[in-house]
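Q: File final05.cif below, mmCIF, C-alpha atoms:
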```cif
data_my_file
loop_
_atom_site.label_atom_id
_atom_site.label_comp_id
_atom_site.auth_asym_id
_atom_site.auth_seq_id
_atom_site.Cartn_x
_atom_site.Cartn_y
_atom_site.Cartn_z
CA MET A 1 79.13 131.73 133.37
CA ASN A 2 77.27 133.88 130.83
CA ALA A 3 73.98 132.81 129.25
CA GLU A 4 75.55 131.56 126.01
CA ALA A 5 78.12 129.46 127.86
CA HIS A 6 75.37 128.11 130.10
CA ASP A 7 73.28 127.10 127.07
CA LEU A 8 76.25 125.36 125.44
CA ALA A 9 77.04 123.48 128.64
CA ALA A 10 73.42 122.37 128.93
CA ALA A 11 73.38 121.26 125.29
CA LYS A 12 76.61 119.31 125.78
CA ASP A 13 75.22 117.59 128.87
CA ALA A 14 72.01 116.65 127.03
CA VAL A 15 73.89 115.22 124.05
CA LYS A 16 76.27 113.24 126.24
CA ASP A 17 73.49 111.95 128.49
CA ALA A 18 71.36 110.71 125.57
CA ASP A 19 74.40 109.17 123.90
CA ARG A 20 75.40 107.23 126.99
CA LYS A 21 71.85 106.03 127.62
CA HIS A 22 70.81 105.07 124.10
CA VAL A 23 73.58 104.96 121.47
CA PHE A 24 75.36 101.66 120.92
CA HIS A 25 78.76 102.47 119.38
CA SER A 26 80.61 100.29 116.88
CA TRP A 27 83.89 98.51 117.68
CA SER A 28 83.63 99.52 121.35
CA ALA A 29 83.19 98.19 124.87
CA GLN A 30 80.26 100.43 125.64
CA GLU A 31 81.08 101.29 129.26
CA LEU A 32 84.73 102.08 128.53
CA ILE A 33 84.27 104.88 126.01
CA ASP A 34 83.64 108.61 126.40
CA PRO A 35 82.68 110.03 122.98
CA LEU A 36 83.44 113.68 122.32
CA ALA A 37 80.28 115.75 121.85
CA VAL A 38 80.68 117.61 118.56
CA ALA A 39 78.87 120.93 118.16
CA GLY A 40 79.73 121.78 114.56
CA ALA A 41 82.17 121.53 111.67
CA GLU A 42 83.36 123.47 108.63
CA GLY A 43 86.12 122.91 106.10
CA SER A 44 88.98 120.98 107.70
CA TYR A 45 87.83 121.58 111.30
CA PHE A 46 85.22 120.47 113.80
CA TRP A 47 84.65 121.73 117.34
CA ASP A 48 83.09 120.71 120.64
CA TYR A 49 80.70 122.50 122.99
CA ASP A 50 83.59 123.85 125.05
CA GLY A 51 84.95 125.76 122.07
CA ASN A 52 87.88 123.43 121.34
CA ARG A 53 88.62 123.33 117.60
CA TYR A 54 90.26 120.29 116.03
CA LEU A 55 92.06 120.16 112.70
CA ASP A 56 90.74 116.90 111.30
CA PHE A 57 93.61 114.82 109.95
CA SER A 58 91.26 111.83 109.66
CA SER A 59 88.57 113.28 107.34
CA ALA A 60 86.07 111.71 109.79
CA LEU A 61 86.69 108.11 108.65
CA VAL A 62 88.54 109.09 105.47
CA TYR A 63 85.48 110.41 103.67
CA THR A 64 85.12 114.20 103.99
CA ASN A 65 87.14 114.62 100.80
CA ILE A 66 85.79 118.13 100.15
CA GLY A 67 85.74 119.05 103.84
CA TYR A 68 82.79 119.64 106.13
CA GLN A 69 79.72 121.68 105.15
CA HIS A 70 80.57 122.62 101.58
CA PRO A 71 77.81 125.13 100.80
CA LYS A 72 77.11 123.87 97.26
CA VAL A 73 76.59 120.28 98.39
CA ALA A 74 74.49 121.32 101.39
CA ALA A 75 72.34 123.47 99.07
CA ALA A 76 71.94 120.61 96.58
CA ILE A 77 70.70 118.30 99.34
CA GLN A 78 68.25 120.94 100.55
CA GLU A 79 66.99 121.60 97.02
CA GLN A 80 66.49 117.89 96.34
CA ALA A 81 64.71 117.40 99.67
CA ALA A 82 62.28 120.18 98.79
CA ARG A 83 61.60 118.67 95.35
CA LEU A 84 61.68 114.88 95.89
CA CYS A 85 63.08 113.24 99.02
CA THR A 86 62.81 109.63 97.94
CA VAL A 87 61.42 107.21 95.38
CA ALA A 88 61.71 103.43 95.11
CA PRO A 89 64.83 102.09 93.39
CA GLY A 90 62.90 100.57 90.49
CA PHE A 91 62.10 103.98 88.99
CA ALA A 92 64.27 106.12 86.75
CA VAL A 93 64.88 109.49 88.41
CA ASP A 94 67.11 112.36 87.37
CA ALA A 95 69.43 112.52 90.40
CA ARG A 96 70.10 108.79 90.31
CA SER A 97 70.68 108.69 86.56
CA GLU A 98 73.00 111.69 86.67
CA ALA A 99 75.00 110.31 89.61
CA ALA A 100 75.49 107.02 87.76
CA ARG A 101 76.56 108.86 84.58
CA LEU A 102 79.08 111.04 86.40
CA ILE A 103 80.59 108.09 88.25
CA ALA A 104 80.76 105.90 85.13
CA GLU A 105 82.54 108.69 83.22
CA ARG A 106 85.31 108.68 85.82
CA THR A 107 85.81 104.99 86.43
CA PRO A 108 88.52 103.29 84.36
CA GLY A 109 87.81 101.16 81.29
CA ASP A 110 84.31 99.91 80.54
CA LEU A 111 82.90 100.07 84.09
CA ASP A 112 79.78 101.80 82.79
CA LYS A 113 77.00 100.25 84.88
CA ILE A 114 76.52 101.39 88.49
CA PHE A 115 74.74 99.38 91.18
CA PHE A 116 74.06 101.67 94.14
CA THR A 117 74.30 100.61 97.78
CA ASN A 118 74.06 102.43 101.10
CA GLY A 119 77.78 102.17 101.84
CA GLY A 120 81.05 100.38 101.27
CA ALA A 121 80.44 97.06 102.99
CA GLU A 122 77.26 96.50 100.98
CA ALA A 123 79.21 97.33 97.83
CA VAL A 124 81.68 94.56 98.68
CA GLU A 125 78.86 92.13 99.47
CA ASN A 126 77.24 92.72 96.09
CA ALA A 127 80.49 92.71 94.12
CA VAL A 128 81.33 89.30 95.53
CA ARG A 129 77.84 88.04 94.79
CA MET A 130 78.11 89.27 91.20
CA ALA A 131 81.49 87.59 90.77
CA ARG A 132 80.22 84.26 92.10
CA LEU A 133 77.13 84.33 89.90
CA HIS A 134 79.14 85.40 86.85
CA THR A 135 81.73 82.63 87.22
CA GLY A 136 79.70 79.92 88.95
CA ARG A 137 82.57 79.51 91.40
CA PRO A 138 82.46 79.77 95.22
CA LYS A 139 85.84 80.98 96.55
CA VAL A 140 87.14 84.51 96.95
CA LEU A 141 90.77 85.39 97.69
CA SER A 142 91.69 88.43 99.79
CA ALA A 143 94.84 89.71 101.46
CA TYR A 144 95.67 89.34 105.14
CA ARG A 145 96.44 93.04 105.57
CA SER A 146 93.07 94.36 104.44
CA TYR A 147 89.74 95.74 105.56
CA HIS A 148 86.59 95.37 103.46
CA GLY A 149 83.74 96.17 105.86
CA ALA A 150 81.76 94.76 108.75
CA THR A 151 78.87 92.94 107.09
CA SER A 152 78.93 89.16 106.90
CA THR A 153 80.93 88.48 103.74
CA ALA A 154 82.95 91.69 103.99
CA ILE A 155 84.20 90.97 107.51
CA ASN A 156 85.23 87.45 106.53
CA LEU A 157 87.13 88.92 103.57
CA THR A 158 88.85 91.34 105.93
CA GLY A 159 92.38 90.34 106.80
CA ASP A 160 92.98 92.29 110.00
CA ALA A 161 92.11 91.49 113.61
CA ARG A 162 88.57 92.85 113.40
CA ARG A 163 87.72 89.64 111.57
CA PHE A 164 88.52 87.46 114.58
CA GLY A 165 85.26 87.87 116.49
CA ASN A 166 83.15 87.40 113.37
CA ASP A 167 84.99 84.77 111.35
CA THR A 168 82.67 81.83 110.65
CA ALA A 169 85.20 79.94 108.50
CA THR A 170 82.30 79.18 106.17
CA ALA A 171 82.37 82.19 103.85
CA GLY A 172 84.46 80.62 101.09
CA VAL A 173 87.31 83.05 101.75
CA VAL A 174 91.01 82.23 101.33
CA HIS A 175 93.56 84.76 102.55
CA PHE A 176 96.98 85.35 101.07
CA TRP A 177 99.94 87.66 101.74
CA GLY A 178 100.09 90.82 99.70
CA PRO A 179 103.24 92.91 99.23
CA PHE A 180 104.48 95.09 102.11
CA ALA A 181 108.17 95.80 101.61
CA TYR A 182 108.71 97.35 105.05
CA ARG A 183 107.51 94.18 106.79
CA SER A 184 108.00 91.77 103.93
CA PRO A 185 106.49 88.30 104.41
CA PHE A 186 108.73 87.21 101.52
CA TYR A 187 112.13 88.32 102.92
CA ALA A 188 112.54 90.60 99.93
CA ALA A 189 115.33 93.16 99.80
CA THR A 190 113.89 95.42 97.08
CA GLY A 191 110.51 96.56 95.84
CA ALA A 192 110.97 94.61 92.62
CA GLU A 193 111.79 91.47 94.58
CA GLU A 194 108.77 92.00 96.84
CA CYS A 195 106.52 92.36 93.80
CA GLU A 196 107.87 89.24 92.07
CA ARG A 197 107.65 87.08 95.18
CA ALA A 198 104.19 88.34 96.11
CA LEU A 199 102.87 87.51 92.66
CA ARG A 200 104.48 84.06 92.78
CA HIS A 201 102.88 83.44 96.18
CA LEU A 202 99.49 84.55 94.86
CA GLU A 203 99.74 82.27 91.83
CA ASP A 204 100.78 79.36 94.05
CA THR A 205 97.70 80.04 96.20
CA ILE A 206 95.49 80.05 93.11
CA VAL A 207 96.98 76.81 91.81
CA PHE A 208 96.77 74.96 95.12
CA GLU A 209 93.22 76.18 95.84
CA GLY A 210 92.14 75.18 92.32
CA PRO A 211 91.55 77.98 89.81
CA GLN A 212 88.26 76.40 88.79
CA SER A 213 86.92 77.09 92.30
CA ILE A 214 87.94 80.76 92.55
CA ALA A 215 85.39 83.41 91.59
CA ALA A 216 87.33 86.55 92.49
CA ILE A 217 90.35 88.20 93.99
CA ILE A 218 89.49 91.33 95.96
CA LEU A 219 92.13 93.90 96.79
CA GLU A 220 92.20 97.38 98.23
CA THR A 221 93.95 99.29 95.45
CA VAL A 222 95.94 101.04 98.18
CA GLY A 223 95.55 99.27 101.51
CA GLY A 224 93.74 101.73 103.78
CA ALA A 225 93.10 100.47 107.28
CA PRO A 226 96.21 98.23 107.22
CA GLY A 227 98.42 101.29 106.91
CA VAL A 228 98.29 103.01 103.50
CA LEU A 229 100.02 100.14 101.73
CA VAL A 230 100.99 101.45 98.30
CA PRO A 231 101.63 98.43 96.05
CA PRO A 232 105.00 98.20 94.32
CA ALA A 233 105.21 98.93 90.61
CA GLY A 234 104.03 95.93 88.62
CA TYR A 235 101.98 94.26 91.35
CA LEU A 236 98.46 95.30 90.34
CA PRO A 237 99.13 94.71 86.62
CA GLY A 238 100.51 91.31 87.64
CA VAL A 239 97.35 90.47 89.59
CA ARG A 240 95.26 91.57 86.60
CA ALA A 241 97.28 89.20 84.39
CA LEU A 242 96.78 86.30 86.81
CA CYS A 243 93.04 86.92 86.88
CA ASP A 244 92.94 86.93 83.08
CA ARG A 245 94.99 83.73 82.91
CA TYR A 246 92.71 81.80 85.26
CA GLY A 247 89.33 83.35 84.44
CA ILE A 248 89.06 85.06 87.84
CA VAL A 249 87.16 88.30 88.45
CA LEU A 250 89.29 91.16 89.78
CA ILE A 251 87.48 93.32 92.34
CA LEU A 252 89.19 96.52 93.44
CA ASP A 253 88.00 98.03 96.71
CA GLU A 254 88.30 101.82 96.24
CA ILE A 255 85.93 102.67 99.08
CA MET A 256 88.58 104.63 100.96
CA VAL A 257 90.84 105.74 98.11
CA GLY A 258 88.36 106.71 95.39
CA PHE A 259 87.25 110.21 94.43
CA GLY A 260 90.51 112.08 94.65
CA ARG A 261 92.02 110.70 97.82
CA THR A 262 95.26 109.53 96.14
CA GLY A 263 95.42 112.38 93.64
CA ARG A 264 93.47 110.55 90.92
CA TRP A 265 89.74 109.99 90.61
CA PHE A 266 90.45 106.32 91.34
CA ALA A 267 93.72 104.89 92.61
CA ALA A 268 93.75 102.19 89.92
CA GLU A 269 94.70 104.94 87.46
CA HIS A 270 98.18 105.15 89.02
CA TRP A 271 98.91 101.67 87.62
CA ASP A 272 96.68 101.71 84.50
CA VAL A 273 94.71 98.74 85.79
CA VAL A 274 91.04 98.15 84.96
CA PRO A 275 89.20 95.79 87.34
CA ASP A 276 86.07 93.84 86.47
CA LEU A 277 84.24 95.30 89.45
CA LEU A 278 85.08 98.44 91.44
CA CYS A 279 83.62 99.17 94.88
CA PHE A 280 83.18 102.80 95.97
CA ALA A 281 81.58 104.81 98.79
CA LYS A 282 82.80 107.46 101.27
CA GLY A 283 84.20 110.25 99.08
CA VAL A 284 81.47 109.94 96.44
CA THR A 285 79.32 112.24 98.62
CA SER A 286 82.08 113.38 100.98
CA GLY A 287 80.06 111.43 103.53
CA TYR A 288 77.25 114.01 103.58
CA VAL A 289 74.62 111.35 102.84
CA PRO A 290 75.49 107.61 102.91
CA LEU A 291 76.06 106.17 99.44
CA GLY A 292 78.15 103.40 97.94
CA GLY A 293 78.12 101.21 94.91
CA VAL A 294 79.69 98.83 92.45
CA ALA A 295 80.91 99.89 89.02
CA ILE A 296 80.40 96.91 86.70
CA SER A 297 82.23 95.88 83.54
CA ALA A 298 80.38 95.15 80.32
CA ALA A 299 81.11 91.41 80.52
CA ILE A 300 79.62 91.05 83.99
CA ALA A 301 76.69 93.32 83.16
CA ARG A 302 75.85 91.00 80.24
CA THR A 303 75.48 88.09 82.67
CA PHE A 304 72.39 89.81 84.05
CA ALA A 305 71.03 91.19 80.79
CA ARG A 306 68.44 88.44 80.39
CA LYS A 307 68.29 86.97 83.86
CA PRO A 308 67.55 88.87 87.06
CA TYR A 309 70.30 89.88 89.42
CA PRO A 310 69.24 88.29 92.74
CA GLY A 311 69.98 91.22 95.00
CA GLY A 312 68.71 94.64 95.90
CA LEU A 313 68.33 97.25 98.60
CA THR A 314 65.34 99.32 99.68
CA TYR A 315 67.38 102.51 99.47
CA SER A 316 69.52 101.65 96.45
CA GLY A 317 70.35 104.95 94.77
CA HIS A 318 68.51 107.00 97.38
CA VAL A 319 67.57 110.30 95.77
CA LEU A 320 69.07 112.56 98.46
CA ALA A 321 72.31 110.58 98.42
CA CYS A 322 72.51 110.71 94.63
CA ALA A 323 71.89 114.46 94.65
CA ALA A 324 74.77 114.77 97.12
CA ALA A 325 76.97 112.68 94.82
CA VAL A 326 76.15 114.82 91.78
CA ALA A 327 76.95 118.00 93.72
CA THR A 328 80.14 116.55 95.21
CA ILE A 329 81.51 115.39 91.86
CA ASN A 330 80.67 118.74 90.26
CA VAL A 331 82.39 120.61 93.09
CA MET A 332 85.45 118.40 92.69
CA GLU A 333 85.57 119.23 88.98
CA GLU A 334 84.93 122.96 89.41
CA GLU A 335 87.50 123.37 92.18
CA GLY A 336 90.14 120.98 90.83
CA VAL A 337 90.02 118.91 94.02
CA VAL A 338 91.66 115.82 92.50
CA GLU A 339 94.58 117.83 91.18
CA ARG A 340 94.80 119.70 94.47
CA SER A 341 95.02 116.43 96.38
CA ALA A 342 97.89 115.32 94.13
CA ARG A 343 99.76 118.61 94.64
CA THR A 344 99.23 118.56 98.40
CA GLY A 345 100.76 115.11 98.59
CA ALA A 346 103.67 115.77 96.29
CA GLU A 347 104.57 119.25 97.51
CA LEU A 348 103.44 119.44 101.15
CA LEU A 349 102.46 116.23 102.94
CA GLY A 350 105.06 113.92 101.42
CA PRO A 351 108.05 116.22 101.96
CA GLY A 352 106.76 117.38 105.35
CA LEU A 353 106.23 113.88 106.71
CA ARG A 354 109.60 112.70 105.43
CA ALA A 355 111.21 115.68 107.20
CA LEU A 356 109.52 114.59 110.44
CA ALA A 357 110.89 111.08 109.96
CA GLU A 358 114.42 112.47 109.82
CA ARG A 359 113.94 114.18 113.19
CA HIS A 360 112.04 111.49 115.09
CA PRO A 361 113.46 108.02 115.82
CA SER A 362 109.94 106.66 116.39
CA VAL A 363 109.10 107.01 112.67
CA GLY A 364 110.12 103.88 110.85
CA GLU A 365 108.58 104.56 107.45
CA VAL A 366 106.55 107.20 105.62
CA ARG A 367 104.29 106.08 102.76
CA GLY A 368 101.39 107.48 100.81
CA LEU A 369 99.89 109.30 97.84
CA GLY A 370 97.83 112.46 97.50
CA THR A 371 96.11 113.20 100.80
CA PHE A 372 96.49 109.64 102.07
CA TRP A 373 99.61 108.89 104.15
CA ALA A 374 100.77 106.87 107.12
CA LEU A 375 103.65 106.97 109.56
CA GLU A 376 104.79 103.55 110.78
CA LEU A 377 105.85 104.05 114.41
CA VAL A 378 108.53 101.82 115.89
CA ARG A 379 110.49 101.28 119.07
CA ASP A 380 113.68 100.55 117.15
CA ARG A 381 114.39 101.56 113.57
CA ALA A 382 117.04 98.89 113.14
CA THR A 383 114.82 95.97 114.20
CA ARG A 384 111.57 97.64 113.06
CA GLU A 385 109.86 96.52 116.28
CA PRO A 386 106.43 98.19 116.26
CA LEU A 387 105.76 100.87 118.86
CA VAL A 388 102.93 98.63 120.15
CA PRO A 389 102.26 94.94 119.46
CA TYR A 390 99.78 93.78 116.83
CA ASN A 391 96.16 94.20 117.99
CA ALA A 392 97.35 95.82 121.24
CA SER A 393 94.89 97.06 123.86
CA GLY A 394 95.01 98.36 127.42
CA ALA A 395 98.47 98.80 128.88
CA ASP A 396 100.10 97.31 125.78
CA ASN A 397 98.69 100.17 123.73
CA ALA A 398 99.73 102.91 126.16
CA PRO A 399 102.40 104.51 123.91
CA MET A 400 99.90 105.04 121.10
CA ALA A 401 97.24 106.26 123.53
CA GLU A 402 99.68 108.82 124.95
CA PHE A 403 100.64 109.91 121.45
CA GLY A 404 97.00 110.32 120.47
CA ALA A 405 96.26 112.36 123.59
CA ALA A 406 99.16 114.69 122.79
CA LEU A 407 97.82 115.26 119.28
CA LYS A 408 94.32 116.10 120.55
CA LYS A 409 95.74 118.41 123.20
CA GLY A 410 97.54 120.24 120.41
CA GLY A 411 94.30 120.62 118.45
CA LEU A 412 94.71 117.87 115.84
CA TRP A 413 92.27 114.97 115.57
CA PRO A 414 94.19 111.85 114.49
CA LEU A 415 93.36 108.56 112.86
CA LEU A 416 95.36 105.94 114.77
CA ALA A 417 95.45 102.26 113.85
CA GLY A 418 97.78 99.76 115.47
CA ASN A 419 101.25 101.28 115.55
CA ARG A 420 100.44 103.87 112.86
CA ILE A 421 99.04 107.31 112.42
CA HIS A 422 97.17 107.74 109.16
CA VAL A 423 97.39 111.26 107.78
CA ALA A 424 94.25 111.78 105.70
CA PRO A 425 92.99 115.36 105.90
CA PRO A 426 90.34 116.64 103.50
CA CYS A 427 91.61 116.76 99.92
CA THR A 428 90.80 120.49 100.06
CA ILE A 429 93.03 121.27 103.05
CA SER A 430 94.91 124.56 102.74
CA PRO A 431 98.72 124.79 102.75
CA GLU A 432 98.47 126.77 105.99
CA ASP A 433 96.51 124.00 107.69
CA VAL A 434 98.91 121.35 106.38
CA ALA A 435 101.76 123.31 107.99
CA LYS A 436 99.77 123.67 111.22
CA GLY A 437 98.98 119.97 111.34
CA LEU A 438 102.58 118.96 110.68
CA ALA A 439 103.76 121.27 113.48
CA ILE A 440 101.35 119.65 115.95
CA LEU A 441 102.44 116.22 114.76
CA ASP A 442 106.09 117.21 115.11
CA GLU A 443 105.60 118.14 118.76
CA ALA A 444 103.48 115.08 119.60
CA LEU A 445 106.00 112.65 118.08
CA SER A 446 108.31 113.44 121.01
CA VAL A 447 105.86 111.39 123.10
CA ALA A 448 106.38 108.41 120.78
CA ASP A 449 110.14 109.05 120.72
CA ALA A 450 110.23 108.56 124.49
CA HIS A 451 109.36 104.88 123.95
CA THR A 452 112.17 104.18 121.50
CA SER A 453 115.34 102.31 122.40
#
```
Could you rewrite the structure in this file as structure tokens?

A:
Amino acid sequence: MNAEAHDLAAAKDAVKDADRKHVFHSWSAQELIDPLAVAGAEGSYFWDYDGNRYLDFSSALVYTNIGYQHPKVAAAIQEQAARLCTVAPGFAVDARSEAARLIAERTPGDLDKIFFTNGGAEAVENAVRMARLHTGRPKVLSAYRSYHGATSTAINLTGDARRFGNDTATAGVVHFWGPFAYRSPFYAATGAEECERALRHLEDTIVFEGPQSIAAIILETVGGAPGVLVPPAGYLPGVRALCDRYGIVLILDEIMVGFGRTGRWFAAEHWDVVPDLLCFAKGVTSGYVPLGGVAISAAIARTFARKPYPGGLTYSGHVLACAAAVATINVMEEEGVVERSARTGAELLGPGLRALAERHPSVGEVRGLGTFWALELVRDRATREPLVPYNASGADNAPMAEFGAALKKGGLWPLLAGNRIHVAPPCTISPEDVAKGLAILDEALSVADAHTS
């Protein structure tokens, strides 16, 4: 072993040792995990201390929208740190003001006021608080197939299995079924039928819960963690109409899909829907420095014009984070990242993934927009039996674990959830890397195919 290899091995051992002794990882049984030690990253790739490079088809956790280590954003953070690292949130400061202006210019409608948070879950917490204070009502409706974060209110709003260990049943949350044509809870045969029945179900829920008690409906504009659930045409406008009819605040959670991920600045633009509150995070800084927030409509902002908003955060609009946001948004404009994401989806990822579905019996459905896609993996296309059961673990999850291992062995880092692989590379991924990733995925799907009937 040469000196450089020896140094890398020693560095890897030190990182792993400190991690195992001191880092408490989220969503994990601590003694059953073996985190990969990452040595560096650039563009669409990261690598470990052994020299293994991985094409990141997960964008970390769907947030490195402009890829890793963009030099202009890194330089902006360094420049801001040299000039002013931090200042309390009560002051007006150039980076914060400019970040708010740039975000407000890109949000739909009159969402012109920006409340900054440290991340997405806090954005959801504050959006719900605003809605309750604005309406004077306690209840919030959210979909079963959803994820809104891991803080107290956000995890109770969440509709997937991660809620189970945290659900207090006291958060004023009522869940309902949203549209999902592939696994329709409404026995619909067409997208139009799914939309109509889902809206009828939602209105029935509103009526039977009592509209006068409902402050807000919160929806992921495109369901992220539940499997890139693109709503059928007419659904989001229909929800907007129901909210208007019953005086309910519409909150759209764009934490995962905002800032170019679906080929628009915000996914709501695909359906010409303007929410009352819009939650964002992740892509606003490409994850370089944590930042999130709520974009607020004029009507809700007026509620707090003459009375204080009872909420705040020590690091609200942190200067380094806001400088990263300004640089990220400017890079996205200069390099046409939003348009590039749309082209990548329409011309490369969409056609490529659908071609894989034709070759592999384990692929039940392909769905997505921009650089945000999912493959629904099944044991049987005719019955649509999932490749693994809902909330599977251990031996029950073996087919997905084998599939994931095959992808990593091929040099692709996946984002796996339930019986799905989410395909969410950086919005800046090159056509060559899309082709490379699809080739690795093509080979690894033979592992999933082996479990089909």

Q: Applying the PyMOL selection byres ((chain A and resi 390) around 10) to the file I just gave you, which residues come out? Please list them as an NGL selection string.

A: :A and (160-161 or 386-389 or 391-393 or 396-397 or 417-419)

Q: Would you write out, as a ChimeraX atom specification, every residue that the PyMOL selection byres ((chain A and resi 202) around 12) captures in this file?

A: /A:141-144,174-179,186,195-201,203-209,211,217,235-236,238-243

Q: Counting only C-alpha atoms, what is within 9 Å of Val319 of chain A, bar same-chain residues fewer than 3 positions away, as a VMD selection string?

A: chain A and resid 80 to 81 84 to 87 89 93 to 96 315 to 316 322 to 324

Q: I'd like the interatomic distance between atom CA of Gly345 of chain A and atom CA of Asn65 of chain A, to a tenth of an Å.

A: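 Separation of atom CA of Gly345 of chain A and atom CA of Asn65 of chain A: 13.8 Å.
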
Q: Please provide as an mmCIF file with C-alpha atoms, keeping the file's coordinate frame all residues within 10 Å of Arg384 of chain A, with the sequence filter that same-chain residues fewer than 5 positions apart are discarded (counting only C-alpha atoms).

A:
```cif
data_model
loop_
_atom_site.group_PDB
_atom_site.id
_atom_site.type_symbol
_atom_site.label_atom_id
_atom_site.label_comp_id
_atom_site.auth_asym_id
_atom_site.auth_seq_id
_atom_site.Cartn_x
_atom_site.Cartn_y
_atom_site.Cartn_z
ATOM 1 C CA TYR A 182 108.710 97.350 105.050
ATOM 2 C CA ARG A 183 107.510 94.180 106.790
ATOM 3 C CA SER A 362 109.940 106.660 116.390
ATOM 4 C CA VAL A 363 109.100 107.010 112.670
ATOM 5 C CA GLY A 364 110.120 103.880 110.850
ATOM 6 C CA GLU A 365 108.580 104.560 107.450
ATOM 7 C CA GLU A 376 104.790 103.550 110.780
ATOM 8 C CA LEU A 377 105.850 104.050 114.410
ATOM 9 C CA VAL A 378 108.530 101.820 115.890
ATOM 10 C CA ARG A 379 110.490 101.280 119.070
#
```

Q: Could you check which residues have any atom within 7 Å of (88.8, 89.7, 85.0), counting all atoms listed in the file with coordinates taken straight from the file, and then list them as a list in words?

A: Arg240, Cys243, Asp244, Gly247, Ile248, Val249, Leu250, Pro275 and Asp276 of chain A

Q: Kindly give the distance, in Å, that separates atom CA of Ile77 of chain A and atom CA of Glu122 of chain A, rounded to a single decimal.

A: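 Between atom CA of Ile77 of chain A and atom CA of Glu122 of chain A the gap works out to 22.8 Å.
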
Q: What's the separation between atom CA of Phe57 of chain A and atom CA of Phe164 of chain A, in Å to one decimal place?

A: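 Between these atoms lies a distance of 28.2 Å.
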
Q: Pick from A:Pro399, A:Gly404, A:Gly43, A:Gly368: nearest to Leu229 of chain A, with all atoms listed in the file counted?

A: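 Going through A:Pro399, A:Gly404, A:Gly43, A:Gly368 one by one, the smallest distance to Leu229 of chain A is for A:Gly368.
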
Q: Take the PyMOL selection byres ((chain A and resi 233) around 9), run it mentally on this structure, and tell me the resulting residues as a list in words.

A: Gly191, Ala192, Cys195, Pro231, Pro232, Gly234, Tyr235, Leu236, Pro237 and Trp271 of chain A

Q: Which residue gives the smallest distance to Val337 of chain A among A:Gly370, A:Pro71, A:Pro361, A:Gly293, with only C-alpha atoms counted?

A: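 The answer is A:Gly370, which sits nearest to Val337 of chain A.
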
Q: With distances taken over all atoms listed in the file, which residue among A:Thr328, A:Asp110, A:Trp27, A:Ala268 lies nearest Arg162 of chain A?

A: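 Closest to Arg162 of chain A of all the choices is A:Trp27.
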
Q: Counting all atoms listed in the file, figure out which residue out of A:Ala41, A:Val284, A:Leu111, A:Ala169 gets nearest to Asp56 of chain A.

A: A:Ala41

Q: Which of these, A:Trp413, A:Tyr309, A:Phe372, A:Phe115, has the shortest distance to Leu441 of chain A once you count all atoms listed in the file?

A: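 Counting all atoms listed in the file, the residue closest to Leu441 of chain A is A:Trp413.
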